[in-house]
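Student: What follows is data_30.cif, mmCIF, C-alpha atoms and all ligand atoms.
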data_final
#
loop_
_atom_site.label_atom_id
_atom_site.label_comp_id
_atom_site.auth_asym_id
_atom_site.auth_seq_id
_atom_site.Cartn_x
_atom_site.Cartn_y
_atom_site.Cartn_z
CA MET L 1 24.54 3.11 -2.26
CA THR L 2 23.03 -0.42 -2.35
CA ASP L 3 21.90 -1.47 -5.81
CA VAL L 4 18.49 -2.65 -4.63
CA LYS L 5 17.05 -2.10 -8.12
CA ARG L 6 19.25 -4.82 -9.55
CA LEU L 7 18.42 -7.17 -6.71
CA HIS L 8 14.65 -6.71 -6.57
CA GLU L 9 12.66 -8.72 -9.06
CA LYS L 10 9.51 -9.75 -7.21
CA ARG L 11 6.13 -8.40 -8.31
CA THR L 12 2.72 -8.49 -6.67
CA VAL L 13 0.57 -7.06 -9.51
CA TRP L 14 1.22 -6.61 -13.25
CA TRP L 15 -0.29 -6.16 -16.71
CA GLN L 16 -0.41 -9.16 -19.05
CA GLN L 17 -0.98 -8.76 -22.78
CA ASP L 18 -2.16 -11.82 -24.64
CA GLY L 19 -2.53 -10.87 -28.31
CA ALA L 20 -5.23 -8.19 -28.42
CA HIS L 21 -6.48 -9.01 -24.91
CA GLY L 22 -5.21 -7.43 -21.72
CA ALA L 23 -5.43 -8.79 -18.18
CA VAL L 24 -4.45 -7.68 -14.69
CA CYS L 25 -2.46 -10.39 -12.88
CA MET L 26 -1.70 -10.56 -9.18
CA ILE L 27 -0.58 -12.90 -6.44
CA ASP L 28 -3.64 -13.78 -4.36
CA GLN L 29 -2.41 -12.46 -1.01
CA SER L 30 -5.39 -13.86 0.86
CA LEU L 31 -3.94 -17.37 0.37
CA LEU L 32 -0.36 -16.60 1.43
CA PRO L 33 1.82 -18.06 2.77
CA GLY L 34 0.19 -21.47 2.29
CA GLU L 35 -0.41 -21.20 -1.45
CA VAL L 36 1.05 -18.98 -4.15
CA VAL L 37 -1.79 -18.56 -6.63
CA ILE L 38 -1.74 -16.09 -9.55
CA LEU L 39 -5.08 -14.48 -10.45
CA THR L 40 -5.65 -13.40 -14.07
CA LEU L 41 -8.43 -10.82 -14.12
CA THR L 42 -10.12 -9.82 -17.36
CA HIS L 43 -12.93 -7.57 -16.12
CA GLU L 44 -12.77 -4.39 -14.02
CA GLN L 45 -15.41 -5.79 -11.65
CA GLN L 46 -13.03 -8.65 -10.83
CA VAL L 47 -10.31 -6.10 -10.08
CA ALA L 48 -12.66 -4.21 -7.72
CA ASP L 49 -13.62 -7.46 -6.01
CA ALA L 50 -9.97 -8.50 -5.59
CA ILE L 51 -9.19 -5.17 -3.90
CA ALA L 52 -12.23 -5.41 -1.62
CA ARG L 53 -11.37 -9.01 -0.61
CA LEU L 54 -7.73 -8.09 0.17
CA GLN L 55 -6.43 -10.42 -2.54
CA VAL L 56 -4.27 -7.41 -3.28
CA ARG L 57 -3.67 -4.96 -0.43
CA GLY L 58 -1.27 -2.31 0.80
CA ALA L 59 -1.84 1.35 -0.10
CA PRO L 60 0.61 1.69 -3.03
CA ALA L 61 -0.28 -1.75 -4.44
CA ILE L 62 -4.00 -1.02 -4.53
CA GLY L 63 -3.27 2.35 -6.16
CA VAL L 64 -1.34 0.60 -8.93
CA THR L 65 -4.03 -2.10 -9.19
CA ALA L 66 -6.78 0.51 -9.60
CA ALA L 67 -4.81 2.18 -12.40
CA LEU L 68 -4.33 -1.18 -14.15
CA GLY L 69 -8.04 -1.90 -13.61
CA MET L 70 -8.96 1.30 -15.47
CA ALA L 71 -6.64 0.40 -18.34
CA LEU L 72 -8.30 -3.02 -18.37
CA ALA L 73 -11.76 -1.44 -18.54
CA ILE L 74 -10.91 0.29 -21.83
CA SER L 75 -9.15 -2.75 -23.25
CA ARG L 76 -12.18 -4.94 -22.44
CA LEU L 77 -14.60 -2.37 -23.88
CA ARG L 78 -12.69 -2.41 -27.16
CA ASP L 79 -12.76 -6.22 -27.16
CA GLU L 80 -16.53 -6.22 -26.73
CA GLN L 81 -17.62 -3.21 -28.76
CA GLY L 82 -14.88 -2.63 -31.29
CA ASP L 83 -13.22 0.65 -32.16
CA THR L 84 -16.35 2.36 -33.46
CA LEU L 85 -17.33 3.24 -29.87
CA ALA L 86 -17.12 7.02 -29.32
CA VAL L 87 -14.14 8.06 -27.19
CA GLU L 88 -16.46 10.24 -25.05
CA GLN L 89 -18.53 7.15 -24.22
CA ALA L 90 -15.39 5.27 -23.25
CA VAL L 91 -14.41 8.10 -20.91
CA ALA L 92 -17.91 8.12 -19.39
CA HIS L 93 -17.45 4.39 -18.71
CA LEU L 94 -14.07 5.10 -17.12
CA ARG L 95 -15.68 7.57 -14.72
CA ASN L 96 -18.07 4.82 -13.57
CA VAL L 97 -15.22 2.34 -13.20
CA GLY L 98 -13.34 4.97 -11.22
CA GLU L 99 -16.27 5.26 -8.81
CA LEU L 100 -16.49 1.46 -8.54
CA LEU L 101 -12.80 1.18 -7.67
CA ARG L 102 -12.77 4.23 -5.40
CA GLY L 103 -15.62 2.69 -3.38
CA THR L 104 -13.74 -0.53 -2.62
CA ARG L 105 -11.41 0.83 0.07
CA PRO L 106 -11.81 4.44 1.25
CA THR L 107 -8.83 4.99 3.58
CA ALA L 108 -5.73 4.49 1.43
CA VAL L 109 -5.49 7.71 -0.58
CA ASN L 110 -3.25 6.07 -3.20
CA LEU L 111 -6.30 4.38 -4.70
CA ALA L 112 -8.34 7.59 -5.18
CA TRP L 113 -5.16 9.38 -6.27
CA SER L 114 -4.54 6.81 -9.01
CA VAL L 115 -8.16 6.87 -10.19
CA ASP L 116 -8.10 10.68 -10.40
CA ARG L 117 -4.83 10.61 -12.31
CA MET L 118 -6.13 8.04 -14.82
CA ILE L 119 -9.32 10.05 -15.43
CA ARG L 120 -7.33 13.26 -15.89
CA HIS L 121 -5.19 11.41 -18.42
CA ALA L 122 -8.28 10.19 -20.32
CA GLN L 123 -9.82 13.66 -20.34
CA GLN L 124 -6.63 15.10 -21.77
CA ALA L 125 -6.61 12.39 -24.44
CA VAL L 126 -10.14 13.43 -25.48
CA ARG L 127 -9.07 17.09 -25.65
CA ASP L 128 -6.13 16.02 -27.81
CA GLY L 129 -8.53 14.28 -30.23
CA CYS L 130 -7.24 10.72 -29.56
CA SER L 131 -8.84 7.68 -31.17
CA LEU L 132 -10.10 4.79 -29.01
CA PRO L 133 -7.00 2.64 -29.67
CA GLU L 134 -4.82 5.62 -28.75
CA LEU L 135 -6.83 6.19 -25.58
CA ALA L 136 -6.44 2.51 -24.64
CA GLN L 137 -2.71 2.65 -25.29
CA GLY L 138 -2.39 5.86 -23.30
CA MET L 139 -4.26 4.40 -20.32
CA GLN L 140 -1.97 1.39 -20.24
CA ALA L 141 1.08 3.61 -20.45
CA GLU L 142 -0.21 5.84 -17.62
CA ALA L 143 -0.92 2.82 -15.40
CA GLN L 144 2.58 1.49 -16.09
CA ALA L 145 3.96 4.95 -15.29
CA ILE L 146 2.21 4.92 -11.90
CA ALA L 147 3.69 1.46 -11.22
CA GLY L 148 7.13 2.58 -12.36
CA GLU L 149 7.05 5.69 -10.19
CA ASP L 150 6.06 3.58 -7.19
CA PHE L 151 8.94 1.21 -7.92
CA GLU L 152 11.36 4.15 -7.97
CA ALA L 153 9.78 5.67 -4.85
CA CYS L 154 10.38 2.38 -3.01
CA LEU L 155 14.07 2.52 -3.88
CA ARG L 156 14.38 6.05 -2.53
CA MET L 157 12.35 5.35 0.64
CA GLY L 158 14.55 2.34 1.28
CA GLU L 159 17.73 4.39 0.99
CA PHE L 160 16.43 7.24 3.19
CA GLY L 161 14.92 4.88 5.78
CA ALA L 162 18.08 2.77 6.03
CA THR L 163 20.01 5.81 7.27
CA LEU L 164 17.90 5.59 10.45
CA ILE L 165 18.93 1.98 11.11
CA ALA L 166 22.19 1.02 12.83
CA ASP L 167 24.16 -2.21 12.63
CA GLY L 168 22.89 -4.57 15.32
CA ASP L 169 19.45 -2.94 15.68
CA THR L 170 16.39 -4.80 16.84
CA LEU L 171 13.30 -3.24 15.27
CA LEU L 172 9.54 -3.76 15.41
CA THR L 173 7.09 -3.55 12.50
CA HIS L 174 3.32 -3.78 12.15
CA CYS L 175 1.25 -5.07 9.20
CA ASN L 176 2.96 -5.64 5.83
CA THR L 177 4.85 -2.91 4.03
CA GLY L 178 7.09 -4.91 1.73
CA TRP L 179 7.06 -5.90 -1.93
CA LEU L 180 3.61 -7.43 -1.56
CA ALA L 181 2.22 -4.02 -0.58
CA THR L 182 3.80 -1.92 -3.35
CA ALA L 183 4.93 -2.07 -6.96
CA GLY L 184 8.53 -2.23 -5.80
CA TRP L 185 10.57 -3.15 -2.79
CA GLY L 186 8.21 -1.77 -0.14
CA SER L 187 8.07 1.23 2.17
CA ALA L 188 8.99 0.49 5.81
CA LEU L 189 10.30 -2.95 4.86
CA ALA L 190 12.33 -1.41 2.03
CA SER L 191 14.33 0.46 4.69
CA ILE L 192 14.95 -2.82 6.47
CA TYR L 193 15.87 -4.59 3.22
CA VAL L 194 18.35 -1.89 2.24
CA ALA L 195 19.93 -1.85 5.72
CA HIS L 196 20.20 -5.65 5.66
CA ARG L 197 21.65 -5.76 2.13
CA SER L 198 24.23 -3.17 3.11
CA GLY L 199 25.53 -5.60 5.75
CA LYS L 200 23.81 -4.35 8.92
CA LYS L 201 22.84 -7.16 11.27
CA LEU L 202 19.16 -6.81 12.22
CA HIS L 203 16.48 -8.60 14.17
CA ILE L 204 12.84 -7.78 13.47
CA PHE L 205 9.91 -8.24 15.83
CA VAL L 206 6.84 -8.75 13.62
CA ASP L 207 3.38 -7.99 15.06
CA GLU L 208 0.97 -10.65 13.81
CA THR L 209 -1.54 -7.83 13.00
CA ARG L 210 -4.98 -9.06 13.93
CA PRO L 211 -7.46 -9.68 12.42
CA VAL L 212 -6.18 -10.35 8.87
CA LEU L 213 -2.67 -11.31 10.03
CA GLN L 214 -0.68 -9.36 7.44
CA GLY L 215 2.29 -9.51 9.82
CA ALA L 216 2.20 -13.26 10.46
CA ARG L 217 1.24 -14.31 6.95
CA LEU L 218 2.99 -11.74 4.74
CA THR L 219 5.76 -9.87 6.57
CA ALA L 220 7.14 -13.01 8.22
CA TRP L 221 7.08 -14.70 4.79
CA GLU L 222 8.89 -11.81 3.10
CA LEU L 223 11.56 -11.50 5.81
CA GLN L 224 12.13 -15.25 5.86
CA GLN L 225 12.72 -15.26 2.08
CA GLU L 226 15.20 -12.44 2.52
CA GLY L 227 17.03 -14.26 5.32
CA ILE L 228 16.40 -11.52 7.89
CA PRO L 229 16.10 -12.90 11.46
CA LEU L 230 12.65 -12.30 12.90
CA THR L 231 10.47 -13.06 15.88
CA LEU L 232 6.73 -13.22 15.33
CA ILE L 233 4.70 -11.89 18.26
CA THR L 234 1.02 -11.32 18.94
CA ASP L 235 0.01 -7.65 18.88
CA SER L 236 -0.49 -7.69 22.65
CA MET L 237 3.17 -8.66 23.25
CA ALA L 238 4.56 -5.40 21.83
CA ALA L 239 4.66 -3.61 25.21
CA HIS L 240 6.50 -6.51 26.85
CA PHE L 241 9.16 -6.67 24.15
CA MET L 242 9.58 -2.89 24.06
CA ARG L 243 10.39 -3.10 27.75
CA TYR L 244 12.61 -6.18 27.69
CA GLY L 245 13.41 -6.99 24.05
CA GLY L 246 15.95 -4.28 23.25
CA ILE L 247 13.81 -2.73 20.48
CA LYS L 248 15.61 0.31 19.06
CA GLY L 249 13.02 1.57 16.59
CA VAL L 250 9.56 0.99 15.11
CA PHE L 251 9.04 1.11 11.32
CA VAL L 252 5.52 1.19 9.86
CA GLY L 253 3.87 2.27 6.61
CA ALA L 254 0.84 4.51 6.01
CA ASP L 255 -2.42 4.53 4.11
CA ARG L 256 -2.96 8.27 4.30
CA ILE L 257 -1.01 11.09 5.90
CA ALA L 258 -2.75 14.39 6.69
CA ALA L 259 -1.03 17.77 6.36
CA ASN L 260 -0.25 17.91 10.10
CA GLY L 261 1.47 14.51 10.10
CA ASP L 262 -1.43 12.45 11.46
CA VAL L 263 -1.10 8.98 9.94
CA ALA L 264 -3.80 6.44 9.10
CA ASN L 265 -2.35 2.94 9.06
CA LYS L 266 -3.37 -0.61 9.91
CA ILE L 267 -5.45 -0.96 13.05
CA GLY L 268 -3.13 -1.28 16.04
CA THR L 269 -0.53 1.17 14.75
CA TYR L 270 -1.72 3.91 17.12
CA GLY L 271 -1.26 1.63 20.11
CA VAL L 272 2.24 0.71 18.96
CA ALA L 273 3.10 4.42 18.64
CA VAL L 274 1.86 5.20 22.15
CA LEU L 275 3.88 2.28 23.51
CA ALA L 276 6.97 3.41 21.61
CA GLN L 277 6.71 6.89 23.10
CA ALA L 278 6.23 5.42 26.60
CA HIS L 279 9.49 3.48 26.14
CA ALA L 280 11.38 6.34 24.43
CA ILE L 281 11.71 4.29 21.23
CA PRO L 282 11.75 6.23 17.92
CA PHE L 283 8.64 5.64 15.81
CA TYR L 284 9.15 6.01 12.04
CA VAL L 285 6.51 6.10 9.30
CA VAL L 286 7.69 5.32 5.75
CA ALA L 287 5.43 6.22 2.81
CA PRO L 288 5.63 7.64 -0.72
CA ARG L 289 4.37 11.15 -1.44
CA SER L 290 1.32 9.62 -3.17
CA THR L 291 0.14 8.67 0.36
CA ILE L 292 0.27 12.28 1.60
CA ASP L 293 -3.05 14.10 1.42
CA LEU L 294 -2.39 17.80 2.02
CA SER L 295 -6.08 18.54 1.40
CA LEU L 296 -6.83 17.18 4.89
CA ALA L 297 -5.65 19.43 7.73
CA SER L 298 -5.67 16.58 10.25
CA GLY L 299 -6.35 12.87 10.60
CA GLU L 300 -9.84 13.47 11.97
CA ARG L 301 -11.23 13.76 8.45
CA ILE L 302 -9.59 10.62 7.05
CA PRO L 303 -12.39 8.22 6.00
CA MET L 304 -12.12 4.96 7.95
CA GLU L 305 -12.87 1.64 6.32
CA GLN L 306 -15.09 -0.60 8.45
CA ARG L 307 -14.72 -4.24 7.49
CA ASN L 308 -16.95 -7.26 8.01
CA PRO L 309 -17.03 -8.29 11.71
CA ASP L 310 -16.68 -11.89 10.55
CA GLU L 311 -12.94 -11.18 10.29
CA ILE L 312 -12.97 -10.79 14.10
CA THR L 313 -15.41 -13.50 15.09
CA SER L 314 -13.94 -16.26 12.95
CA ILE L 315 -10.58 -17.39 11.57
CA ARG L 316 -10.63 -18.94 8.10
CA GLY L 317 -14.33 -19.72 8.49
CA ILE L 318 -14.00 -21.27 11.98
CA PRO L 319 -16.01 -19.35 14.63
CA ILE L 320 -13.96 -18.19 17.63
CA ALA L 321 -16.70 -16.19 19.40
CA PRO L 322 -20.31 -16.85 20.37
CA ALA L 323 -22.71 -16.59 17.43
CA GLY L 324 -24.70 -13.37 17.18
CA ILE L 325 -22.44 -11.10 19.25
CA HIS L 326 -21.54 -7.57 18.18
CA ALA L 327 -17.93 -7.07 16.99
CA ALA L 328 -16.20 -3.93 15.68
CA ASN L 329 -13.73 -4.09 12.82
CA PRO L 330 -12.17 -0.76 11.79
CA ALA L 331 -9.41 -1.60 9.30
CA PHE L 332 -7.24 1.38 10.27
CA ASP L 333 -6.57 3.86 13.06
CA VAL L 334 -5.00 7.30 13.15
CA THR L 335 -1.72 7.95 14.94
CA PRO L 336 -1.35 11.63 15.86
CA GLY L 337 1.74 13.26 14.37
CA SER L 338 2.96 14.05 17.89
CA TYR L 339 3.87 10.36 18.36
CA ILE L 340 5.89 10.18 15.14
CA THR L 341 9.64 10.77 15.27
CA ALA L 342 9.98 11.18 11.49
CA ILE L 343 8.12 10.48 8.24
CA VAL L 344 10.38 8.97 5.59
CA THR L 345 9.23 9.70 2.03
CA ASP L 346 10.64 9.16 -1.44
CA ALA L 347 11.76 12.80 -1.42
CA GLY L 348 13.50 12.80 1.96
CA ILE L 349 12.82 12.64 5.68
CA ALA L 350 10.22 14.95 7.24
CA ARG L 351 10.48 15.87 10.91
CA PRO L 352 8.13 17.92 13.11
CA PRO L 353 6.53 20.37 12.60
CA TYR L 354 4.96 18.30 9.83
CA ASN L 355 2.73 21.09 8.54
CA GLN L 356 5.89 22.70 7.20
CA SER L 357 8.15 19.73 6.46
CA LEU L 358 5.56 17.67 4.52
CA ARG L 359 4.48 20.67 2.45
CA ALA L 360 8.12 21.40 1.63
CA LEU L 361 8.77 17.79 0.54
CA CYS L 362 5.62 17.75 -1.62
CA ALA L 363 6.29 21.09 -3.33
CA GLY L 364 6.04 20.55 -7.08
CA TYR L 365 4.67 17.03 -6.66
CA HIS L 366 1.47 16.41 -8.67
CA ALA L 367 -1.86 17.21 -7.06
CA VAL L 368 -2.80 15.11 -4.05
CA GLY L 369 -6.24 14.68 -2.54
CA THR L 370 -9.38 12.83 -3.38
CA GLY L 371 -11.29 15.65 -5.03
CA ASN L 372 -13.32 14.46 -8.00
CA VAL L 373 -11.92 15.39 -11.37
O1 LIG L 401 -5.56 -3.55 4.94
P1 LIG L 401 -4.22 -3.52 4.29
O2 LIG L 401 -3.49 -4.81 4.37
O3 LIG L 401 -4.30 -2.97 2.87
O4 LIG L 401 -3.39 -2.47 5.13
C1 LIG L 401 -2.09 -2.19 4.76
C2 LIG L 401 -1.40 -1.23 5.66
O5 LIG L 401 -1.96 -0.72 6.59
C3 LIG L 401 0.01 -0.87 5.30
O6 LIG L 401 0.74 -0.59 6.44
C4 LIG L 401 -0.02 0.37 4.40
O7 LIG L 401 -0.89 0.19 3.32
C5 LIG L 401 1.34 0.72 3.88
S1 LIG L 401 1.92 -0.48 2.73
C6 LIG L 401 3.33 0.09 2.02
#
Once you've parsed the file, please lay out its structure as structure tokens.
Ligand code: MRU
Tutor:
Amino acid sequence: MTDVKRLHEKRTVWWQQDGAHGAVCMIDQSLLPGEVVILTLTHEQQVADAIARLQVRGAPAIGVTAALGMALAISRLRDEQGDTLAVEQAVAHLRNVGELLRGTRPTAVNLAWSVDRMIRHAQQAVRDGCSLPELAQGMQAEAQAIAGEDFEACLRMGEFGATLIADGDTLLTHCNTGWLATAGWGSALASIYVAHRSGKKLHIFVDETRPVLQGARLTAWELQQEGIPLTLITDSMAAHFMRYGGIKGVFVGADRIAANGDVANKIGTYGVAVLAQAHAIPFYVVAPRSTIDLSLASGERIPMEQRNPDEITSIRGIPIAPAGIHAANPAFDVTPGSYITAIVTDAGIARPPYNQSLRALCAGYHAVGTGNV
């Protein structure tokens, strides 16, 4: 087994303690690959804004960020109001912060899942008669636990996913699913990293991923740093290269997976899946169990984030379409489970019928779903 844990040291979001003051730090992904800028956020509103602006993005990474944001909310409250504040009031504030964070990006279930888990933790602390400093400490520890579990999940997904990759394979990926998108090594890209580190020769076609260009800006950057040969293509070239480029498999991540295996992921994923099926190319989804939402029977009920049409009509502030036209900008689409060859999770590989295989893999895993706590 590859010792990826020893090799992986990159981080996209983390907690920073400076004396009595806490902060959430992150790489500003909106500036990559041109500039590597670290943001130091000291207020939960800044954390919510950073998530909404895609300064941090990727389902697991925004889940971890939301958890750190809630820990920050309590730390900041203590800074401002001291430890005489009633614990119940602090928890009431946390509920509001949870709603603020939950509202930033509705599709990736990891975010709501993290918020729910942090609130459950706070409620338990109140039942246990914790003081405010103890609550603050507990919230930090819970956020770190969520990050740590995601790190571990990445290692396992990488190992499971790599078993589906052969020496010499040419693969295609969409969006960014690497260390920038998680608290660890990545999901779909973790499989590629593990396969590469174990000595398999690979070539990766990277969809640019319009309109925010996570493929061109982030995945190409990550693969280049890792020394994995890649070819960047526009999204519309995928069909051509599936026909003539020798692509042996598609690896993508997920933002939410319904009980029947329908997968919400970056806009364009559905098209790639249809193309893969048309060319008899296996289509793999790699995601941790925190992305699986068994409370939704199918993908039809997954809430879809609609982003500002400016992302379509301009590039970095430069207009590329006539002023005043209508443009649509759904951030995600849903790929029906019938197009998916297998779903690789941190607990193993699920194959159709997903209603049974996903439930079996999630048995005993803590509650999923976005139900309010
Ligand atoms: O809008 P983004 O950049 O947050 O979208 C990210 C994706 O769609 C990823 O494929 C998904 O979150 C999985 S990341 C491990």
Student: Could you produce a table of the residues of chain L lying within 7 Å of ligand LIG 401 (chain L), with the nearest pair of atoms per residue and their separation in Å rounded to one decimal, using only C-alpha atoms and all ligand atoms, ordered by chain and increasing residue number, as CSV?
Tutor:
residue,atom,partner,partner_atom,distance
L:Leu54,CA,L:LIG401,O3,6.7
L:Arg57,CA,L:LIG401,O3,3.9
L:Gly58,CA,L:LIG401,O7,3.6
L:Ala59,CA,L:LIG401,O7,3.7
L:Pro60,CA,L:LIG401,C6,6.0
L:Ala108,CA,L:LIG401,O7,6.7
L:Cys175,CA,L:LIG401,O6,5.3
L:Asn176,CA,L:LIG401,O6,5.6
L:Thr177,CA,L:LIG401,C6,3.9
L:Gly178,CA,L:LIG401,C6,6.3
L:Ala181,CA,L:LIG401,S1,4.9
L:Thr182,CA,L:LIG401,C6,5.8
L:Gly186,CA,L:LIG401,C6,5.7
L:Ser187,CA,L:LIG401,C6,4.9
L:Ala188,CA,L:LIG401,C6,6.8
L:Gln214,CA,L:LIG401,O2,6.2
L:Val252,CA,L:LIG401,O6,6.1
L:Gly253,CA,L:LIG401,C5,4.0
L:Ala254,CA,L:LIG401,C5,4.4
L:Asp255,CA,L:LIG401,O7,4.7
L:Asn265,CA,L:LIG401,O5,4.4
L:Lys266,CA,L:LIG401,O5,3.6
L:Ala287,CA,L:LIG401,C6,6.5
L:Ala331,CA,L:LIG401,O1,6.1
L:Phe332,CA,L:LIG401,O5,6.8
Student: For the selection you just gave me, I'd like the residues written to a file as an mmCIF file, in the coordinates of the input, keeping C-alpha atoms.
Tutor:
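Output below, filename part_19.cif:
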data_model
loop_
_atom_site.group_PDB
_atom_site.id
_atom_site.type_symbol
_atom_site.label_atom_id
_atom_site.label_comp_id
_atom_site.auth_asym_id
_atom_site.auth_seq_id
_atom_site.Cartn_x
_atom_site.Cartn_y
_atom_site.Cartn_z
ATOM 1 C CA LEU L 54 -7.730 -8.090 0.170
ATOM 2 C CA ARG L 57 -3.670 -4.960 -0.430
ATOM 3 C CA GLY L 58 -1.270 -2.310 0.800
ATOM 4 C CA ALA L 59 -1.840 1.350 -0.100
ATOM 5 C CA PRO L 60 0.610 1.690 -3.030
ATOM 6 C CA ALA L 108 -5.730 4.490 1.430
ATOM 7 C CA CYS L 175 1.250 -5.070 9.200
ATOM 8 C CA ASN L 176 2.960 -5.640 5.830
ATOM 9 C CA THR L 177 4.850 -2.910 4.030
ATOM 10 C CA GLY L 178 7.090 -4.910 1.730
ATOM 11 C CA ALA L 181 2.220 -4.020 -0.580
ATOM 12 C CA THR L 182 3.800 -1.920 -3.350
ATOM 13 C CA GLY L 186 8.210 -1.770 -0.140
ATOM 14 C CA SER L 187 8.070 1.230 2.170
ATOM 15 C CA ALA L 188 8.990 0.490 5.810
ATOM 16 C CA GLN L 214 -0.680 -9.360 7.440
ATOM 17 C CA VAL L 252 5.520 1.190 9.860
ATOM 18 C CA GLY L 253 3.870 2.270 6.610
ATOM 19 C CA ALA L 254 0.840 4.510 6.010
ATOM 20 C CA ASP L 255 -2.420 4.530 4.110
ATOM 21 C CA ASN L 265 -2.350 2.940 9.060
ATOM 22 C CA LYS L 266 -3.370 -0.610 9.910
ATOM 23 C CA ALA L 287 5.430 6.220 2.810
ATOM 24 C CA ALA L 331 -9.410 -1.600 9.300
ATOM 25 C CA PHE L 332 -7.240 1.380 10.270
#
Student: Give me, as a tab-separated table, the closest atom pair and its distance (Å, one decimal) for every residue of segment 272-324 of chain L within a cut-off of 12 Å of segment 137-155 of chain L, counting only C-alpha atoms, rows sorted by chain and rising number.
Tutor:
residue	atom	partner	partner_atom	distance
L:Val286	CA	L:Cys154	CA	9.6
L:Ala287	CA	L:Cys154	CA	8.6
L:Pro288	CA	L:Ala153	CA	6.2
L:Arg289	CA	L:Ala153	CA	8.4
L:Ser290	CA	L:Asp150	CA	8.7
L:Thr291	CA	L:Asp150	CA	10.9
Student: Please indicate the distance in Å from atom CA of Gly69 of chain L to atom CA of Gly98 of chain L, rounded to one decimal place.
Tutor: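 Computed distance, atom CA of Gly69 of chain L to atom CA of Gly98 of chain L, equals 9.0 Å.
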Student: Given the choices L:Ala350, L:Ile165, L:Thr269, L:Leu171, which gets closest to Thr209 of chain L if the distance is worked out from only C-alpha atoms?
Tutor: L:Thr269
Student: Go ahead and compute the interatomic distance for atom CA of His43 of chain L and atom CA of Ala125 of chain L, in Å to one decimal.
Tutor: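 Straight-line distance from atom CA of His43 of chain L to atom CA of Ala125 of chain L works out to 22.5 Å.
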Student: Would you mind reading off the distance between atom CA of Gln124 of chain L and atom CA of Arg95 of chain L, one decimal, in Å?
Tutor: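 Value for the atom CA of Gln124 of chain L-atom CA of Arg95 of chain L distance: 13.7 Å.
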Student: Identify, on the basis of only C-alpha atoms, every residue whose closest approach to segment 71-76 of chain L does not exceed 10 Å; exclude the query and any residue fewer than 5 positions from it along the same chain; express the result as a ChimeraX atom specification.
Tutor: /L:15,20-24,41-45,47,65-66,81-82,87,90-91,93-94,97-98,118,132-133,135-144
Student: Find, counting all atoms listed in the file, the residue in L:Leu218, L:Leu202, L:Ala67, L:Ala122 that gets nearest to Asp28 of chain L.
Tutor: L:Leu218
Student: Smallest atom-to-atom distance to Pro309 of chain L: which of L:Arg243, L:Ser295, L:Gly161, L:Ala328, using only C-alpha atoms?
Tutor: L:Ala328
Student: Counting all atoms listed in the file, which of L:Ala216, L:Ala297, L:Val285, L:Ala92 gets nearest to Arg351 of chain L?
Tutor: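 So, comparing all the options, the nearest one is L:Val285.
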Student: Do you know which residues are at most 9 Å from Asp167 of chain L counting all atoms listed in the file, after dropping those on the same chain fewer than 3 positions away, and could you put them as a PyMOL selection string?
Tutor: chain L and resi 195-196+199-202
Student: L:Pro229, L:Leu100, L:Leu189, L:Thr173: which is nearest Gly215 of chain L, counting all atoms listed in the file?
Tutor: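 Of all the options, L:Thr173 lies closest to Gly215 of chain L.
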